[in-house]
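Have a look at the structure below, then the notes.
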Protein chains: 2
Amino acid sequence: MQITRASEYAMLGLLALARRPMGEVVMLDVVAREEDIPVSFLGKIFQSLARGKLVKSSRGSGGGFMLVRSPETITALEVIEAVEGPVSLTRCLDEDTGCEHAGGCALCGLFAEAQDRVKEVFSSATVAQLSGRHIPGGMVRQARQRERIVFRPQRAAKPAALTEKNAA
Amino acid sequence: MQITRASEYAMLGLLALARRPMGEVVMLDVVAREEDIPVSFLGKIFQSLARGKLVKSSRGSGGGFMLVRSPETITALEVIEAVEGPVSLTRCLDEDTGCEHAGGCALCGLFAEAQDRVKEVFSSATVAQLSGRHIPGGMVRQARQRERIVFRPQRAAKPAALTEKNAA
DNA sequence: TTGAAACAGGACTATTTTTGTCCGGTTGCG
DNA sequence: CGCAACCGGACAAAAATAGTCCTGTTTCAA
């Protein structure tokens, strides 16, 4: 589950589309400038997103990219997987190679659990949600807000204080 | 929070110590052979573990490594952080550089949440637990068991079904 | 006290992954 | 036709990963 810049750029790129009226076509270099991303790299990334059916591209003059689905329905996990392919937290969990440690590896289970948690979080956040709390870079670069907002897969808002024992 | 081979090897190395009587000193190349790890690489890794006070090294003939603390008290998170340093899931969360995206980045919060979940999982698994379900490689390389075992940070076993709304 | 055994630690190297760039091709519009 | 925009593959630079190696230093024990 490597989160590389490509994934981040993909998310930011989609946010740029999401804050426009649904269906609007935006050119690559507009998005790139807005989010401060190298345009040719963003091109590659949007190709992946197009293959993943998250955006649609149109060519020729007046062309560009538009969202295919409404931003409420696109999860961060989808975006990441569209860009990185089927990802795994460690080689142990890689679908192709599998765990290559000697004997019965005790770690795979642990890693799998951790990976599931990450996927839970990423699949519970949508592009629309993120778009809501994003300030694109072109404008106010100093006005960063810093509060942490919850992206917990539906559960009570209270972080449960670590000291509850047997909530049955 | 990159989980590299170094972390995996560190865990496996500690498991090798953990399945011996507490306090026993084991040489590097014994561990390396047992877990099928390049010995010189493992040397480097154990240096980190020693600096992190997880193992103690002794030199000279009859030297080697031993656990400093009982394996029940060593969490996977400690091991990983001893080897990788203070880790972060993405550059956004890196303590030095911090988030470098334009404007107010919506992604940091999401990544932070995911990272917290991973840390929860890794801090809830101990070397002792893992040791229990590990078959070292020297012996039966084909007898891999495959069931997934839970490493959930204490909570009700039921995953709460995603459909509860306002549990105040 | 001398020598060998074992780790310490830094320098070095090889491989892989990430992060891009570049350029010719294709498509679509006017 | 001719330009505007994306497509897609090849390429390249930089960084991270995965080690190796060699020269210590410490310790034990003959």
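Every chain in the structure tokens has a letter given in the order shown (A, B, ...), and although residue numbers restart at 1 in each chain, ligands are simply numbered from 1 in the order shown.
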Contact residues (chain B, partner chain C, 10 Å, only C-alpha atoms (C1' of nucleotides)) as a ChimeraX atom specification: /B:27-28,43-44,46-47,57-65
Limited to N, CA and C atoms, could you put the picked residues into a file as an mmCIF file, in the first residue's frame?
```cif
data_model
loop_
_atom_site.group_PDB
_atom_site.id
_atom_site.type_symbol
_atom_site.label_atom_id
_atom_site.label_comp_id
_atom_site.auth_asym_id
_atom_site.auth_seq_id
_atom_site.Cartn_x
_atom_site.Cartn_y
_atom_site.Cartn_z
ATOM 1 N N MET B 27 24.129 -16.320 18.388
ATOM 2 C CA MET B 27 24.975 -15.648 17.417
ATOM 3 C C MET B 27 24.175 -15.254 16.185
ATOM 4 N N LEU B 28 24.659 -14.190 15.570
ATOM 5 C CA LEU B 28 24.031 -13.642 14.386
ATOM 6 C C LEU B 28 23.807 -14.678 13.303
ATOM 7 N N GLY B 43 23.127 -8.247 10.530
ATOM 8 C CA GLY B 43 24.023 -7.578 11.464
ATOM 9 C C GLY B 43 23.656 -6.108 11.621
ATOM 10 N N LYS B 44 23.520 -5.446 10.494
ATOM 11 C CA LYS B 44 23.116 -4.043 10.521
ATOM 12 C C LYS B 44 21.808 -3.850 11.289
ATOM 13 N N PHE B 46 20.365 -5.734 13.530
ATOM 14 C CA PHE B 46 20.472 -5.958 14.973
ATOM 15 C C PHE B 46 21.200 -4.812 15.664
ATOM 16 N N GLN B 47 22.050 -4.161 14.939
ATOM 17 C CA GLN B 47 22.653 -2.950 15.522
ATOM 18 C C GLN B 47 21.571 -1.937 15.876
ATOM 19 N N SER B 57 23.839 -6.797 22.851
ATOM 20 C CA SER B 57 24.866 -7.569 22.155
ATOM 21 C C SER B 57 26.032 -7.792 23.099
ATOM 22 N N SER B 58 26.701 -8.914 22.910
ATOM 23 C CA SER B 58 27.960 -9.093 23.621
ATOM 24 C C SER B 58 28.981 -9.591 22.613
ATOM 25 N N ARG B 59 30.205 -9.116 22.784
ATOM 26 C CA ARG B 59 31.214 -9.418 21.781
ATOM 27 C C ARG B 59 32.137 -10.526 22.257
ATOM 28 N N GLY B 60 33.055 -10.818 21.399
ATOM 29 C CA GLY B 60 34.035 -11.840 21.725
ATOM 30 C C GLY B 60 33.466 -13.231 21.581
ATOM 31 N N SER B 61 34.318 -14.175 21.755
ATOM 32 C CA SER B 61 33.849 -15.547 21.576
ATOM 33 C C SER B 61 32.805 -15.852 22.634
ATOM 34 N N GLY B 62 31.789 -16.555 22.218
ATOM 35 C CA GLY B 62 30.646 -16.769 23.098
ATOM 36 C C GLY B 62 29.669 -15.618 23.076
ATOM 37 N N GLY B 63 29.949 -14.650 22.228
ATOM 38 C CA GLY B 63 29.070 -13.493 22.157
ATOM 39 C C GLY B 63 27.870 -13.737 21.272
ATOM 40 N N GLY B 64 27.072 -12.700 21.100
ATOM 41 C CA GLY B 64 25.863 -12.809 20.300
ATOM 42 C C GLY B 64 24.829 -11.817 20.788
ATOM 43 N N PHE B 65 23.589 -12.159 20.566
ATOM 44 C CA PHE B 65 22.511 -11.250 20.968
ATOM 45 C C PHE B 65 21.533 -11.944 21.889
#
```
Closest atom pairs, residues of chain D within 8 Å of chain B, only C-alpha atoms (C1' of nucleotides), as a tab-separated table:
```
residue	atom	partner	partner_atom	distance
D:DT17	C1'	B:Thr4	CA	7.7
D:DG19	C1'	B:Phe41	CA	6.2
D:DT20	C1'	B:Ser40	CA	7.4
D:DT26	C1'	B:Arg59	CA	5.8
D:DT27	C1'	B:Gly60	CA	4.1
D:DC28	C1'	B:Ser61	CA	5.7
```
Let me see the file: selected residues, N, CA, C and O atoms (P, O5', C5', C4', C3', O3' and C1' of nucleotides), as an mmCIF file, in the first residue's frame.
```cif
data_model
loop_
_atom_site.group_PDB
_atom_site.id
_atom_site.type_symbol
_atom_site.label_atom_id
_atom_site.label_comp_id
_atom_site.auth_asym_id
_atom_site.auth_seq_id
_atom_site.Cartn_x
_atom_site.Cartn_y
_atom_site.Cartn_z
ATOM 1 P P DT D 17 12.988 3.173 1.681
ATOM 2 O "O5'" DT D 17 13.589 1.832 1.078
ATOM 3 C "C5'" DT D 17 13.043 1.338 -0.131
ATOM 4 C "C4'" DT D 17 13.820 0.134 -0.595
ATOM 5 C "C3'" DT D 17 14.139 -0.896 0.481
ATOM 6 O "O3'" DT D 17 13.774 -2.155 -0.067
ATOM 7 C "C1'" DT D 17 16.093 -0.310 -0.697
ATOM 8 P P DG D 19 18.193 -8.292 0.573
ATOM 9 O "O5'" DG D 19 19.149 -8.090 1.737
ATOM 10 C "C5'" DG D 19 20.407 -7.777 2.051
ATOM 11 C "C4'" DG D 19 21.371 -7.401 0.994
ATOM 12 C "C3'" DG D 19 22.766 -7.834 1.392
ATOM 13 O "O3'" DG D 19 23.202 -8.920 0.594
ATOM 14 C "C1'" DG D 19 22.673 -5.554 0.650
ATOM 15 P P DT D 20 24.503 -9.692 1.204
ATOM 16 O "O5'" DT D 20 25.721 -8.707 0.850
ATOM 17 C "C5'" DT D 20 26.070 -8.501 -0.509
ATOM 18 C "C4'" DT D 20 27.400 -7.762 -0.567
ATOM 19 C "C3'" DT D 20 28.553 -8.454 0.168
ATOM 20 O "O3'" DT D 20 29.665 -8.459 -0.718
ATOM 21 C "C1'" DT D 20 28.333 -6.224 0.917
ATOM 22 P P DT D 26 36.951 -0.904 22.735
ATOM 23 O "O5'" DT D 26 36.280 -2.252 23.261
ATOM 24 C "C5'" DT D 26 34.916 -2.476 22.985
ATOM 25 C "C4'" DT D 26 34.630 -3.957 23.142
ATOM 26 C "C3'" DT D 26 35.089 -4.550 24.486
ATOM 27 O "O3'" DT D 26 33.947 -5.082 25.107
ATOM 28 C "C1'" DT D 26 35.748 -5.914 22.662
ATOM 29 P P DT D 27 33.957 -5.483 26.659
ATOM 30 O "O5'" DT D 27 34.228 -7.053 26.584
ATOM 31 C "C5'" DT D 27 33.353 -7.864 25.822
ATOM 32 C "C4'" DT D 27 33.955 -9.249 25.667
ATOM 33 C "C3'" DT D 27 34.547 -9.820 26.952
ATOM 34 O "O3'" DT D 27 33.723 -10.912 27.346
ATOM 35 C "C1'" DT D 27 35.905 -10.261 25.039
ATOM 36 P P DC D 28 33.994 -11.688 28.699
ATOM 37 O "O5'" DC D 28 34.637 -13.037 28.140
ATOM 38 C "C5'" DC D 28 34.022 -13.685 27.029
ATOM 39 C "C4'" DC D 28 34.942 -14.763 26.491
ATOM 40 C "C3'" DC D 28 35.579 -15.654 27.570
ATOM 41 O "O3'" DC D 28 35.404 -16.998 27.192
ATOM 42 C "C1'" DC D 28 37.241 -14.748 26.134
#
```
Atomic distance CA of His101 (chain B) - CA of Met22 (chain A), expressed in Å with one decimal: 24.4 Å
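Distances from B:Pro21, B:Gly132, B:Gly52, B:Pro71 to chain A were compared using only C-alpha atoms, and the smallest one belongs to B:Gly132.
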Two-atom distance - CA of Leu54 (chain B), CA of Ile37 (chain B) (Å): 19.1 Å
Expected answer as a PyMOL selection string: strand (DSSP E) residues in region 23-157 of chain A: chain A and resi 55-58+64-67
Backbone DSSP call of alpha helix (DSSP H) for region 5-96 of chain A, listed as JSON, numbers by chain: {"A": [5, 6, 7, 8, 9, 10, 11, 12, 13, 14, 15, 16, 17, 18, 28, 29, 30, 31, 32, 33, 34, 35, 39, 40, 41, 42, 43, 44, 45, 46, 47, 48, 49, 50, 51, 76, 77, 78, 79, 80, 81, 82, 83, 84]}
